[in-house]
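For reference, protein_2.txt (compact mmCIF, C-alpha atoms and all ligand atoms):
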# COMPACT_ATOMS: atom_id res chain seq x y z
CA MET A 296 28.37 -2.72 0.77
CA GLU A 297 30.22 0.50 0.15
CA GLY A 298 29.57 -0.04 -3.57
CA VAL A 299 25.88 -0.49 -2.94
CA LEU A 300 25.74 2.62 -0.82
CA HIS A 301 27.62 4.58 -3.43
CA ARG A 302 25.19 3.57 -6.18
CA GLN A 303 22.24 4.11 -3.87
CA ARG A 304 23.33 7.67 -3.37
CA GLY A 305 22.88 8.03 -7.11
CA LEU A 306 19.15 7.87 -6.35
CA LEU A 307 19.51 10.28 -3.49
CA ARG A 308 21.61 12.77 -5.45
CA GLY A 309 18.61 13.88 -7.42
CA ALA A 310 16.74 14.38 -4.16
CA ARG A 311 18.81 17.26 -2.80
CA LEU A 312 16.90 20.43 -2.19
CA PRO A 313 18.24 23.33 -4.23
CA GLY A 314 18.91 25.55 -1.24
CA ARG A 315 17.12 27.03 1.70
CA CYS A 316 14.85 29.99 1.23
CA ARG A 317 14.61 32.78 3.76
CA GLN A 318 12.18 32.05 6.55
CA ASP A 319 11.40 35.71 7.24
CA GLY A 320 10.04 36.54 3.81
CA ARG A 321 12.28 39.62 3.38
CA ASP A 322 13.91 40.27 0.02
CA ARG A 323 11.43 38.02 -1.68
CA PRO A 324 9.96 39.47 -4.87
CA ARG A 325 6.22 39.78 -4.47
CA PRO A 326 4.12 37.95 -7.04
CA PRO A 327 2.14 40.29 -9.26
CA VAL A 328 -1.54 40.43 -8.37
CA ARG A 329 -3.47 39.27 -11.41
CA ARG A 330 -6.82 40.85 -12.09
CA GLY A 331 -9.16 40.49 -15.00
CA PRO A 332 -8.88 37.88 -17.76
CA ARG A 333 -5.96 35.40 -17.68
CA ALA A 334 -2.87 36.69 -19.45
CA ALA A 335 -2.38 35.25 -22.93
CA GLY A 336 -0.43 31.97 -22.80
CA ALA A 337 -0.90 31.43 -19.03
CA ARG A 338 -1.78 27.88 -18.14
CA PRO A 339 -4.60 27.02 -15.73
CA LEU A 340 -3.47 25.77 -12.33
CA SER A 341 -5.69 22.75 -12.01
CA GLY A 342 -6.66 19.84 -14.23
CA PRO A 343 -3.54 18.50 -15.88
CA VAL A 344 -2.22 16.67 -12.80
CA SER A 345 -5.42 14.76 -12.07
CA ALA A 346 -5.67 13.94 -15.77
CA ARG A 347 -2.41 12.01 -15.46
CA LEU A 348 -3.76 9.82 -12.65
CA PRO A 349 -5.84 6.67 -12.92
CA ALA A 350 -9.51 6.93 -11.90
CA ALA A 351 -9.85 5.96 -8.22
CA VAL A 352 -11.32 2.48 -7.63
CA GLN A 353 -14.18 4.14 -5.71
CA THR A 354 -15.29 5.94 -8.89
CA GLY A 355 -16.10 2.70 -10.71
CA LEU A 356 -17.85 1.35 -7.63
CA VAL A 357 -20.67 3.92 -7.79
CA ALA A 358 -22.37 2.09 -10.67
CA VAL A 359 -21.76 -1.34 -9.10
CA ARG A 360 -23.34 -0.21 -5.83
CA ARG A 361 -26.34 1.25 -7.66
CA ARG A 362 -26.87 -2.07 -9.47
CA ALA A 363 -26.54 -4.01 -6.19
CA GLU A 364 -29.19 -1.79 -4.60
CA ALA A 365 -31.77 -3.25 -6.98
CA TYR A 366 -31.45 -6.59 -5.17
CA PRO A 367 -34.43 -7.17 -2.85
CA GLY A 368 -32.31 -7.56 0.29
CA PRO A 369 -29.45 -5.89 2.12
CA VAL A 370 -26.46 -4.87 0.03
CA VAL A 371 -23.25 -6.62 1.13
CA ASP A 372 -20.14 -4.54 0.50
CA LEU A 373 -17.09 -6.68 -0.17
CA SER A 374 -15.31 -4.03 -2.22
CA ILE A 375 -12.89 -1.69 -0.43
CA GLY A 376 -10.92 -3.49 2.28
CA ALA A 377 -11.71 -0.92 4.97
CA PRO A 378 -11.83 -2.48 8.45
CA THR A 379 -15.26 -2.47 10.12
CA ASP A 380 -14.48 -4.15 13.46
CA PRO A 381 -14.04 -2.00 16.58
CA THR A 382 -10.84 -0.15 17.39
CA PRO A 383 -8.96 -2.26 19.99
CA ASP A 384 -9.48 -1.02 23.57
CA VAL A 385 -5.75 -0.98 24.28
CA VAL A 386 -5.29 1.49 21.43
CA ARG A 387 -8.24 3.73 22.38
CA ALA A 388 -6.87 3.98 25.92
CA ALA A 389 -3.43 4.95 24.65
CA LEU A 390 -4.89 7.58 22.31
CA ALA A 391 -6.79 9.13 25.20
CA ALA A 392 -3.70 9.04 27.41
CA HIS A 393 -1.81 11.04 24.76
CA ALA A 394 -4.62 13.49 24.01
CA ASP A 395 -2.76 16.42 25.59
CA ALA A 396 -0.55 17.31 22.63
CA PRO A 397 -0.07 21.06 22.18
CA GLY A 398 3.25 20.85 20.33
CA TYR A 399 4.10 19.84 16.78
CA PRO A 400 5.06 16.22 16.21
CA LEU A 401 8.59 15.43 15.09
CA THR A 402 8.83 14.27 11.48
CA ALA A 403 11.22 11.53 12.62
CA GLY A 404 8.73 10.43 15.28
CA ARG A 405 9.28 10.01 19.00
CA PRO A 406 12.04 7.61 20.02
CA ALA A 407 9.41 5.54 21.88
CA LEU A 408 7.56 4.92 18.63
CA ARG A 409 10.63 4.10 16.59
CA GLU A 410 11.76 1.70 19.32
CA ALA A 411 8.32 0.04 19.36
CA VAL A 412 8.53 -0.52 15.59
CA VAL A 413 11.92 -2.21 16.00
CA ARG A 414 10.60 -4.33 18.90
CA TRP A 415 7.61 -5.47 16.82
CA LEU A 416 9.66 -6.30 13.73
CA GLU A 417 12.13 -8.27 15.89
CA ARG A 418 9.50 -10.05 18.01
CA VAL A 419 7.02 -10.98 15.31
CA HIS A 420 8.97 -10.93 12.04
CA ASP A 421 12.52 -11.90 13.10
CA VAL A 422 14.04 -8.73 11.67
CA THR A 423 17.51 -8.14 13.11
CA GLY A 424 19.84 -5.18 13.16
CA LEU A 425 17.25 -2.44 12.60
CA ASP A 426 18.22 0.75 14.41
CA PRO A 427 15.31 2.90 15.70
CA ALA A 428 17.00 5.83 13.92
CA HIS A 429 16.18 4.08 10.64
CA VAL A 430 12.40 4.16 11.10
CA LEU A 431 10.16 6.93 9.76
CA PRO A 432 6.49 7.21 10.81
CA ALA A 433 3.87 8.62 8.45
CA VAL A 434 0.18 9.42 8.25
CA GLY A 435 -0.68 6.04 6.73
CA THR A 436 1.35 4.23 4.12
CA LYS A 437 -0.74 5.42 1.20
CA GLU A 438 0.67 8.89 1.69
CA LEU A 439 4.22 7.50 1.92
CA ILE A 440 3.78 5.41 -1.23
CA GLY A 441 2.27 8.22 -3.27
CA SER A 442 4.94 10.74 -2.26
CA LEU A 443 8.04 8.51 -2.29
CA PRO A 444 9.09 9.22 -5.91
CA LEU A 445 8.65 12.96 -5.33
CA HIS A 446 10.54 12.95 -2.03
CA LEU A 447 13.39 10.94 -3.54
CA GLY A 448 13.76 13.36 -6.43
CA LEU A 449 12.54 11.12 -9.25
CA GLY A 450 11.11 12.78 -12.31
CA ALA A 451 10.60 12.68 -16.05
CA GLY A 452 12.84 10.07 -17.69
CA ASP A 453 12.99 7.86 -14.58
CA VAL A 454 11.41 4.43 -14.55
CA VAL A 455 9.57 2.99 -11.54
CA ALA A 456 8.84 -0.75 -11.60
CA GLN A 457 5.79 -2.19 -9.89
CA PRO A 458 3.90 -5.49 -9.82
CA THR A 459 0.97 -6.21 -12.08
CA PRO A 460 -1.85 -6.21 -11.17
CA ALA A 461 -1.11 -3.77 -8.34
CA TYR A 462 -2.40 -1.40 -5.69
CA PRO A 463 -2.95 1.79 -7.73
CA THR A 464 -0.98 4.21 -5.53
CA TYR A 465 2.41 3.05 -6.86
CA ALA A 466 1.44 4.31 -10.33
CA VAL A 467 -0.07 7.47 -8.84
CA GLY A 468 3.23 8.40 -7.16
CA THR A 469 5.10 7.69 -10.38
CA ALA A 470 2.69 9.71 -12.53
CA LEU A 471 2.73 12.67 -10.11
CA VAL A 472 6.42 13.24 -10.84
CA GLY A 473 6.13 12.54 -14.56
CA ALA A 474 8.18 9.32 -14.32
CA THR A 475 7.30 6.13 -16.19
CA THR A 476 5.66 3.04 -14.73
CA ALA A 477 7.05 -0.33 -15.82
CA HIS A 478 5.80 -3.76 -14.78
CA ALA A 479 8.06 -6.27 -13.08
CA ASP A 480 7.15 -9.22 -10.90
CA SER A 481 10.45 -11.06 -11.01
CA VAL A 482 14.14 -10.76 -11.80
CA ALA A 483 13.38 -11.99 -15.33
CA ASP A 484 11.00 -9.02 -15.79
CA LEU A 485 13.62 -6.63 -14.41
CA GLU A 486 16.22 -8.11 -16.76
CA ALA A 487 13.85 -7.61 -19.67
CA LEU A 488 13.42 -3.95 -18.68
CA ALA A 489 17.18 -3.48 -18.45
CA ALA A 490 17.62 -5.10 -21.88
CA ARG A 491 15.29 -2.42 -23.26
CA GLY A 492 17.37 0.30 -21.59
CA SER A 493 14.76 0.95 -18.88
CA VAL A 494 16.62 0.22 -15.65
CA PRO A 495 14.25 1.35 -12.89
CA ARG A 496 15.49 3.62 -10.12
CA LEU A 497 12.75 2.47 -7.78
CA VAL A 498 11.28 -1.04 -7.65
CA TRP A 499 8.05 -1.78 -5.74
CA VAL A 500 7.22 -5.21 -4.43
CA ASN A 501 4.06 -5.98 -2.47
CA SER A 502 3.96 -9.21 -0.50
CA PRO A 503 1.36 -10.24 0.57
CA ALA A 504 -0.11 -8.49 -2.44
CA ASN A 505 -3.19 -6.43 -2.99
CA PRO A 506 -5.25 -7.43 -4.98
CA THR A 507 -4.04 -11.01 -5.50
CA GLY A 508 -3.04 -12.13 -1.99
CA ARG A 509 0.13 -13.54 -3.52
CA VAL A 510 3.14 -14.00 -1.25
CA LEU A 511 6.73 -13.81 -2.54
CA PRO A 512 8.95 -16.45 -0.91
CA PRO A 513 12.26 -15.36 0.63
CA ASP A 514 14.36 -16.57 -2.31
CA ALA A 515 12.30 -14.52 -4.80
CA LEU A 516 12.61 -11.43 -2.61
CA ARG A 517 16.32 -12.07 -2.14
CA ALA A 518 16.88 -12.33 -5.90
CA ILE A 519 14.95 -9.10 -6.58
CA LEU A 520 16.92 -7.26 -3.88
CA ALA A 521 20.23 -8.56 -5.26
CA TRP A 522 19.22 -7.34 -8.72
CA CYS A 523 18.27 -3.91 -7.34
CA ARG A 524 21.57 -3.63 -5.49
CA ASP A 525 23.49 -4.59 -8.62
CA HIS A 526 21.64 -2.01 -10.69
CA GLY A 527 21.57 0.86 -8.18
CA ALA A 528 17.76 0.74 -7.79
CA LEU A 529 16.04 1.21 -4.46
CA LEU A 530 13.76 -1.69 -3.51
CA ALA A 531 10.60 -0.50 -1.71
CA SER A 532 8.64 -3.36 -0.19
CA ASP A 533 5.01 -2.65 0.72
CA GLU A 534 4.28 -5.08 3.57
CA CYS A 535 0.92 -3.77 4.78
CA TYR A 536 -0.53 -7.29 5.03
CA LEU A 537 2.52 -8.92 6.62
CA ASP A 538 0.57 -10.08 9.70
CA LEU A 539 -2.19 -11.69 7.65
CA GLY A 540 -0.67 -14.88 6.31
CA TRP A 541 -3.13 -17.81 6.04
CA ASP A 542 -1.60 -20.62 3.99
CA VAL A 543 1.99 -19.32 4.25
CA ASP A 544 4.00 -17.07 6.59
CA PRO A 545 4.97 -13.93 4.68
CA VAL A 546 8.55 -12.74 5.19
CA SER A 547 9.75 -9.13 5.39
CA VAL A 548 12.51 -7.90 3.08
CA LEU A 549 14.27 -6.76 6.25
CA HIS A 550 14.56 -10.39 7.42
CA PRO A 551 18.20 -11.54 7.32
CA ASP A 552 17.27 -14.43 5.00
CA VAL A 553 16.26 -11.84 2.41
CA CYS A 554 18.56 -8.87 2.95
CA GLY A 555 21.59 -10.76 4.28
CA GLY A 556 21.58 -8.70 7.47
CA SER A 557 22.13 -5.37 5.68
CA HIS A 558 19.36 -2.88 4.99
CA ASP A 559 21.28 -1.00 2.33
CA GLY A 560 19.27 -0.46 -0.82
CA VAL A 561 15.95 -1.50 0.67
CA VAL A 562 13.05 0.00 2.62
CA ALA A 563 9.96 -1.75 3.97
CA LEU A 564 6.60 -0.04 4.51
CA HIS A 565 4.22 -1.19 7.24
CA SER A 566 0.76 -0.11 8.26
CA LEU A 567 -1.39 -0.49 11.35
CA SER A 568 -4.58 -0.08 9.27
CA LYS A 569 -5.11 -3.79 8.71
CA ARG A 570 -3.03 -5.42 11.46
CA SER A 571 -4.64 -3.39 14.22
CA ASN A 572 -7.88 -2.26 12.60
CA LEU A 573 -6.69 1.34 12.63
CA ALA A 574 -7.33 2.66 9.14
CA GLY A 575 -9.06 5.66 10.72
CA TYR A 576 -6.01 6.55 12.81
CA ARG A 577 -3.74 6.73 9.73
CA ILE A 578 -0.57 5.13 11.09
CA GLY A 579 2.18 3.78 8.86
CA PHE A 580 5.94 3.71 8.78
CA LEU A 581 8.94 3.05 6.60
CA SER A 582 12.20 1.51 7.75
CA GLY A 583 15.43 0.27 6.31
CA ASP A 584 18.25 1.94 4.37
CA PRO A 585 19.76 4.55 6.73
CA ALA A 586 20.62 7.00 3.94
CA VAL A 587 17.13 6.85 2.44
CA VAL A 588 15.43 7.28 5.82
CA ALA A 589 17.68 10.26 6.66
CA GLU A 590 16.92 11.89 3.32
CA LEU A 591 13.18 11.36 3.69
CA VAL A 592 13.24 12.82 7.19
CA SER A 593 14.96 15.94 5.97
CA VAL A 594 12.66 16.41 2.96
CA ARG A 595 9.48 15.67 4.90
CA ARG A 596 10.55 17.95 7.77
CA ASN A 597 10.50 20.83 5.29
CA LEU A 598 6.88 19.97 4.54
CA GLY A 599 5.86 19.70 8.19
CA LEU A 600 4.87 16.08 7.66
CA GLY A 601 4.61 14.14 10.89
CA LEU A 602 2.39 11.60 12.59
CA PRO A 603 0.31 13.45 15.22
CA ASN A 604 1.54 12.83 18.78
CA PRO A 605 -1.69 11.16 20.06
CA GLN A 606 -1.44 8.70 17.15
CA GLN A 607 2.18 8.05 18.01
CA GLY A 608 1.14 7.07 21.54
CA ALA A 609 -1.62 4.86 20.14
CA ALA A 610 0.85 3.25 17.72
CA VAL A 611 3.24 2.28 20.52
CA ALA A 612 0.40 0.53 22.38
CA ALA A 613 -0.75 -1.23 19.21
CA LEU A 614 2.75 -2.39 18.28
CA ASP A 615 3.47 -3.74 21.76
CA ASP A 616 0.25 -5.74 21.94
CA ASP A 617 -0.16 -9.02 20.06
CA GLU A 618 -3.46 -10.03 21.66
CA HIS A 619 -5.74 -7.74 19.67
CA VAL A 620 -3.95 -8.85 16.49
CA ALA A 621 -4.76 -12.47 17.25
CA VAL A 622 -8.42 -11.54 17.87
CA GLN A 623 -8.65 -9.64 14.59
CA ARG A 624 -6.86 -12.38 12.66
CA ALA A 625 -9.36 -14.91 14.01
CA ARG A 626 -12.24 -12.74 12.73
CA TYR A 627 -10.75 -12.55 9.24
CA ALA A 628 -9.89 -16.26 9.25
CA GLY A 629 -13.51 -17.03 10.18
CA ARG A 630 -14.87 -14.92 7.31
CA ARG A 631 -12.42 -16.46 4.91
CA SER A 632 -13.51 -19.95 5.93
CA VAL A 633 -17.12 -19.01 5.14
CA LEU A 634 -16.61 -17.09 1.90
CA ARG A 635 -13.97 -19.20 0.21
CA PRO A 636 -15.90 -22.52 0.17
CA ALA A 637 -19.07 -20.66 -0.85
CA LEU A 638 -17.26 -19.16 -3.84
CA GLU A 639 -15.88 -22.56 -4.78
CA ALA A 640 -19.32 -24.13 -4.46
CA ALA A 641 -20.61 -21.40 -6.77
CA GLY A 642 -18.11 -22.41 -9.44
CA PHE A 643 -15.41 -19.81 -8.80
CA ARG A 644 -11.70 -20.58 -8.78
CA VAL A 645 -9.72 -18.87 -6.02
CA ASP A 646 -6.23 -17.88 -7.22
CA HIS A 647 -3.31 -16.94 -4.91
CA SER A 648 -5.10 -15.46 -1.84
CA GLU A 649 -2.72 -17.27 0.48
CA ALA A 650 -2.45 -14.14 2.61
CA GLY A 651 -3.97 -10.70 3.04
CA LEU A 652 -7.50 -9.43 3.20
CA TYR A 653 -8.90 -10.49 -0.17
CA LEU A 654 -10.04 -13.43 -2.21
CA TRP A 655 -8.93 -13.18 -5.84
CA VAL A 656 -11.35 -15.21 -7.90
CA THR A 657 -12.45 -15.99 -11.42
CA ARG A 658 -15.01 -18.24 -13.07
CA ASP A 659 -15.49 -19.72 -16.52
CA GLU A 660 -18.14 -17.64 -18.25
CA PRO A 661 -19.35 -17.08 -21.78
CA GLY A 662 -18.32 -13.73 -23.27
CA PRO A 663 -15.02 -12.01 -24.03
CA ALA A 664 -12.17 -13.00 -21.70
CA GLU A 665 -10.99 -9.40 -21.28
CA ARG A 666 -14.39 -8.47 -19.80
CA ARG A 667 -14.58 -11.53 -17.54
CA GLY A 668 -13.97 -9.70 -14.25
CA VAL A 669 -16.28 -6.79 -15.11
CA ASP A 670 -19.05 -9.20 -16.15
CA LEU A 671 -18.66 -11.20 -12.95
CA VAL A 672 -18.83 -8.04 -10.86
CA GLY A 673 -22.13 -7.28 -12.61
CA ARG A 674 -23.50 -10.76 -11.91
CA LEU A 675 -22.47 -10.49 -8.27
CA ALA A 676 -24.07 -7.05 -8.05
CA ASP A 677 -27.33 -8.68 -9.18
CA LEU A 678 -27.06 -10.70 -5.93
CA GLY A 679 -26.62 -7.48 -3.95
CA LEU A 680 -22.84 -8.04 -3.59
CA VAL A 681 -20.47 -5.14 -4.23
CA THR A 682 -17.04 -6.35 -5.41
CA VAL A 683 -14.18 -4.92 -7.45
CA ALA A 684 -13.21 -5.95 -10.97
CA GLY A 685 -9.58 -7.06 -11.18
CA ALA A 686 -9.03 -4.72 -14.14
CA GLU A 687 -9.17 -1.81 -11.66
CA TYR A 688 -5.68 -2.95 -10.63
CA GLY A 689 -4.30 -3.20 -14.15
CA ALA A 690 -5.04 -5.10 -17.35
CA ALA A 691 -3.41 -8.25 -15.95
CA GLY A 692 -6.34 -8.51 -13.54
CA HIS A 693 -9.06 -8.47 -16.22
CA ALA A 694 -10.31 -12.02 -15.61
CA HIS A 695 -10.61 -11.66 -11.85
CA VAL A 696 -12.76 -10.19 -9.12
CA ARG A 697 -11.50 -9.09 -5.70
CA LEU A 698 -13.61 -9.71 -2.60
CA ALA A 699 -12.61 -8.23 0.76
CA LEU A 700 -12.84 -10.10 4.07
CA THR A 701 -13.47 -6.93 6.03
CA ALA A 702 -17.30 -6.96 6.03
CA PRO A 703 -18.98 -7.96 9.33
CA ASP A 704 -19.65 -11.67 9.96
CA ASP A 705 -23.41 -11.48 9.29
CA ALA A 706 -22.80 -9.71 5.96
CA VAL A 707 -20.25 -12.33 4.91
CA ALA A 708 -22.70 -15.11 5.87
CA LEU A 709 -25.40 -13.43 3.74
CA ALA A 710 -23.01 -13.23 0.79
CA ALA A 711 -22.08 -16.90 1.16
CA ASP A 712 -25.75 -17.95 1.25
CA ARG A 713 -26.57 -15.98 -1.87
CA LEU A 714 -23.58 -17.37 -3.73
CA ILE A 715 -24.51 -20.94 -2.90
CA GLN A 716 -28.27 -20.55 -3.48
CA GLU A 717 -28.37 -18.32 -6.53
CA PHE A 718 -25.06 -18.57 -8.33
CA ARG A 719 -24.92 -22.25 -9.09
CA PRO A 720 -22.54 -23.45 -11.82
C1 LIG B 801 -1.04 -2.76 -0.78
C2 LIG B 801 -1.47 -1.61 0.06
N1 LIG B 801 -0.56 -0.72 0.44
C3 LIG B 801 -0.88 0.34 1.18
C4 LIG B 801 -2.18 0.54 1.59
C5 LIG B 801 -2.51 1.78 2.38
O1 LIG B 801 -2.63 1.54 3.72
P1 LIG B 801 -2.74 2.72 4.76
O2 LIG B 801 -4.07 2.56 5.40
O3 LIG B 801 -1.61 2.51 5.71
O4 LIG B 801 -2.61 4.02 4.05
C6 LIG B 801 -3.17 -0.35 1.22
C7 LIG B 801 -4.55 -0.11 1.63
O5 LIG B 801 -5.47 -0.77 1.27
C8 LIG B 801 -2.81 -1.45 0.42
O6 LIG B 801 -3.71 -2.34 0.02

In structure tokens, how does this file's structure come out?
Amino acid sequence: MEGVLHRQRGLLRGARLPGRCRQDGRDRPRPPVRRGPRAAGARPLSGPVSARLPAAVQTGLVAVRRRAEAYPGPVVDLSIGAPTDPTPDVVRAALAAHADAPGYPLTAGRPALREAVVRWLERVHDVTGLDPAHVLPAVGTKELIGSLPLHLGLGAGDVVAQPTPAYPTYAVGTALVGATTAHADSVADLEALAARGSVPRLVWVNSPANPTGRVLPPDALRAILAWCRDHGALLASDECYLDLGWDVDPVSVLHPDVCGGSHDGVVALHSLSKRSNLAGYRIGFLSGDPAVVAELVSVRRNLGLGLPNPQQGAAVAALDDDEHVAVQRARYAGRRSVLRPALEAAGFRVDHSEAGLYLWVTRDEPGPAERRGVDLVGRLADLGLVTVAGAEYGAAGHAHVRLALTAPDDAVALAADRLIQEFRP
């Protein structure tokens, strides 16, 4: 393990801060006040960064929604997987109980929260040997994902591997630091990257996956982790949908069957947005490799990043309660059992989708294969259904459409009726 840790620190070496600046502001040269036209050669402050980023999925949805609005009936939104069911009572009560919060939150989080994360991972996901000190809370996992390359010191010349198709924020975090995105879904893909001289420093896996609902079995995760350890890459496993397995039970990378009982070289990211219907509370966390967690705490402390204390109290209540999770799972399972057969009856093929909050579907259609998903989204919009083209998650998704299970029951029933009545093969 020492060897692994040593190589891992290679990743962390680049993350060191150059030195502390004075807190009091004395001795600091004052920036010149610029007046009048911009000095020759000066570059504008805004624009170039956003130009490096992919267009947000929401941007493409504007036109789809407009087209769906022409349908003579209610629009059913099956696009973004934002929860719509009520916030669990147990969590609301805890938030209220922690409303008196005049002080700043700790970046590392309160011990009670870190202990609750460990309890949940042990109780529900059979994770062993995780120390509460090796858990870092954050304001949702999207923020953690997007800032991880920056906070670990990655930059131009570094390669970050991610699945394809994939949740767009992995590529956003990579692009923000000027690093290069590479695609890898397996050890064979990672080997191919290495053969081209592009050994990644950070490797993302996402199981269950967005948008496909694909689950990586323990042996696939184990092989990817072993490869990362051998090559000094950090494995970051986005497990936001871990509690939403339908046809299979997803396994965490922190499970001993995957990591061999050691968390060196690996971190897992979890979210309460989907498990506990708390997207509005913005609660996520990262746990695993002690050196990586310690480094992230010290970088993020400098930025004042911390999960607000009322949310920390709410998170403890959510993590300790399995009942509301069972209720929410039953809602999603019910919607899935309505929408999936309706899609199949309408001539769609459902691929993967064995876990998570989406159905990943395609259908034989005339027209160019690379436009298949976009064309299907258009046809569904003509039934008043708003969905997302798979190409929004990368070219590998071009033939597919993603439908979310988060819409209310009556909306899902409407969608199913329309599919069966009007979208016959
Ligand atoms: C794969 C994946 N990771 C992370 C997130 C972000 O979740 P959070 O609400 O915790 O920011 C999402 C949200 O949809 C997601 O699909």

Using atom CA of A:Thr379 and atom CA of A:Asp670 as the two end points, give the distance in Å to one decimal. 27.4 Å

Closest pair table for chain A residues within 6 Å of ligand LIG 801 (chain B), all atoms listed in the file, as a Markdown table:
| residue | atom | partner | partner_atom | distance |
| --- | --- | --- | --- | --- |
| A:Gly435 | CA | B:LIG801 | O3 | 3.8 |
| A:Thr436 | CA | B:LIG801 | O3 | 3.8 |
| A:Lys437 | CA | B:LIG801 | O4 | 3.7 |
| A:Tyr462 | CA | B:LIG801 | C1 | 5.3 |
| A:Asn505 | CA | B:LIG801 | C1 | 4.8 |
| A:Asp533 | CA | B:LIG801 | N1 | 5.9 |
| A:Cys535 | CA | B:LIG801 | N1 | 5.5 |
| A:Ser566 | CA | B:LIG801 | O3 | 4.4 |
| A:Ser568 | CA | B:LIG801 | O2 | 4.7 |
| A:Ala574 | CA | B:LIG801 | O2 | 5.0 |
| A:Gly579 | CA | B:LIG801 | O3 | 5.1 |

Name all residues at most 10 Å from A:Gly599 (count all atoms listed in the file; drop same-chain ones fewer than 6 positions away) and give them as a ChimeraX atom specification. /A:399-402

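With all atoms listed in the file as the basis for measurement, A:Thr382 is the residue among A:Gln457, A:Thr382, A:Ser532, A:Ser557 that approaches A:Tyr576 most closely.
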
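Once stretch 684-691 of chain A and its same-chain neighbours fewer than 4 positions away are set aside, A:Val352, A:Thr459, A:Pro460, A:Ala461, A:Tyr462, A:Pro463, A:Pro506, A:Gly668, A:Val669, A:Leu671, A:Val672, A:His695, A:Val696, A:Arg697 remain within 8 Å of it when counting only C-alpha atoms.
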
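Taking all atoms listed in the file into account, those protein, DNA and RNA residues with any atom at most 9 Å away from (-19.7, -21.5, -9.1) amount to Ala637, Leu638, Glu639, Ala640, Ala641, Gly642, Phe643, Arg644, Arg658, Asp659, Leu714, Ile715, Phe718, Arg719 and Pro720 of chain A.
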
Residues as selected, C-alpha atoms, written as a PDB file, in the frame of the given file, can you do that?
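The file below, again.pdb, is the result:
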ATOM      1  CA  ALA A 637     -19.070 -20.660  -0.850  1.00  0.00           C
ATOM      2  CA  LEU A 638     -17.260 -19.160  -3.840  1.00  0.00           C
ATOM      3  CA  GLU A 639     -15.880 -22.560  -4.780  1.00  0.00           C
ATOM      4  CA  ALA A 640     -19.320 -24.130  -4.460  1.00  0.00           C
ATOM      5  CA  ALA A 641     -20.610 -21.400  -6.770  1.00  0.00           C
ATOM      6  CA  GLY A 642     -18.110 -22.410  -9.440  1.00  0.00           C
ATOM      7  CA  PHE A 643     -15.410 -19.810  -8.800  1.00  0.00           C
ATOM      8  CA  ARG A 644     -11.700 -20.580  -8.780  1.00  0.00           C
ATOM      9  CA  ARG A 658     -15.010 -18.240 -13.070  1.00  0.00           C
ATOM     10  CA  ASP A 659     -15.490 -19.720 -16.520  1.00  0.00           C
ATOM     11  CA  LEU A 714     -23.580 -17.370  -3.730  1.00  0.00           C
ATOM     12  CA  ILE A 715     -24.510 -20.940  -2.900  1.00  0.00           C
ATOM     13  CA  PHE A 718     -25.060 -18.570  -8.330  1.00  0.00           C
ATOM     14  CA  ARG A 719     -24.920 -22.250  -9.090  1.00  0.00           C
ATOM     15  CA  PRO A 720     -22.540 -23.450 -11.820  1.00  0.00           C
TER      16      PRO A 720
END

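Here atom CA of A:Pro381 stands at a distance of 21.9 Å from atom CA of A:Trp415.
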
Quick one: residues within 8 Å of A:Val548, only C-alpha atoms counted, chain neighbours fewer than 5 positions away excluded, as an NGL selection string? :A and (513 or 516-517 or 532 or 553-554 or 561-563)

The selected residues should be written to file as an mmCIF file, in the frame of the given file (atoms: C-alpha atoms).
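What landed in result_32.cif:
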data_model
loop_
_atom_site.group_PDB
_atom_site.id
_atom_site.type_symbol
_atom_site.label_atom_id
_atom_site.label_comp_id
_atom_site.auth_asym_id
_atom_site.auth_seq_id
_atom_site.Cartn_x
_atom_site.Cartn_y
_atom_site.Cartn_z
ATOM 1 C CA PRO A 513 12.260 -15.360 0.630
ATOM 2 C CA LEU A 516 12.610 -11.430 -2.610
ATOM 3 C CA ARG A 517 16.320 -12.070 -2.140
ATOM 4 C CA SER A 532 8.640 -3.360 -0.190
ATOM 5 C CA VAL A 553 16.260 -11.840 2.410
ATOM 6 C CA CYS A 554 18.560 -8.870 2.950
ATOM 7 C CA VAL A 561 15.950 -1.500 0.670
ATOM 8 C CA VAL A 562 13.050 0.000 2.620
ATOM 9 C CA ALA A 563 9.960 -1.750 3.970
#

Please report the interatomic distance between atom CA of A:Thr475 and atom CA of A:Arg496 in Å with one decimal. 10.5 Å

Report as a ChimeraX atom specification all protein, DNA and RNA residues lying within 8 Å of A:Thr507, evaluated on all atoms listed in the file, omitting residues in the same chain fewer than 2 positions from it. /A:460,504-505,509,646-648,653-655,697

C-alpha atoms of the current selection, written as an mmCIF file, in the frame of the given file:
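As a result, out_17.cif now contains:
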data_model
loop_
_atom_site.group_PDB
_atom_site.id
_atom_site.type_symbol
_atom_site.label_atom_id
_atom_site.label_comp_id
_atom_site.auth_asym_id
_atom_site.auth_seq_id
_atom_site.Cartn_x
_atom_site.Cartn_y
_atom_site.Cartn_z
ATOM 1 C CA PRO A 460 -1.850 -6.210 -11.170
ATOM 2 C CA ALA A 504 -0.110 -8.490 -2.440
ATOM 3 C CA ASN A 505 -3.190 -6.430 -2.990
ATOM 4 C CA ARG A 509 0.130 -13.540 -3.520
ATOM 5 C CA ASP A 646 -6.230 -17.880 -7.220
ATOM 6 C CA HIS A 647 -3.310 -16.940 -4.910
ATOM 7 C CA SER A 648 -5.100 -15.460 -1.840
ATOM 8 C CA TYR A 653 -8.900 -10.490 -0.170
ATOM 9 C CA LEU A 654 -10.040 -13.430 -2.210
ATOM 10 C CA TRP A 655 -8.930 -13.180 -5.840
ATOM 11 C CA ARG A 697 -11.500 -9.090 -5.700
#
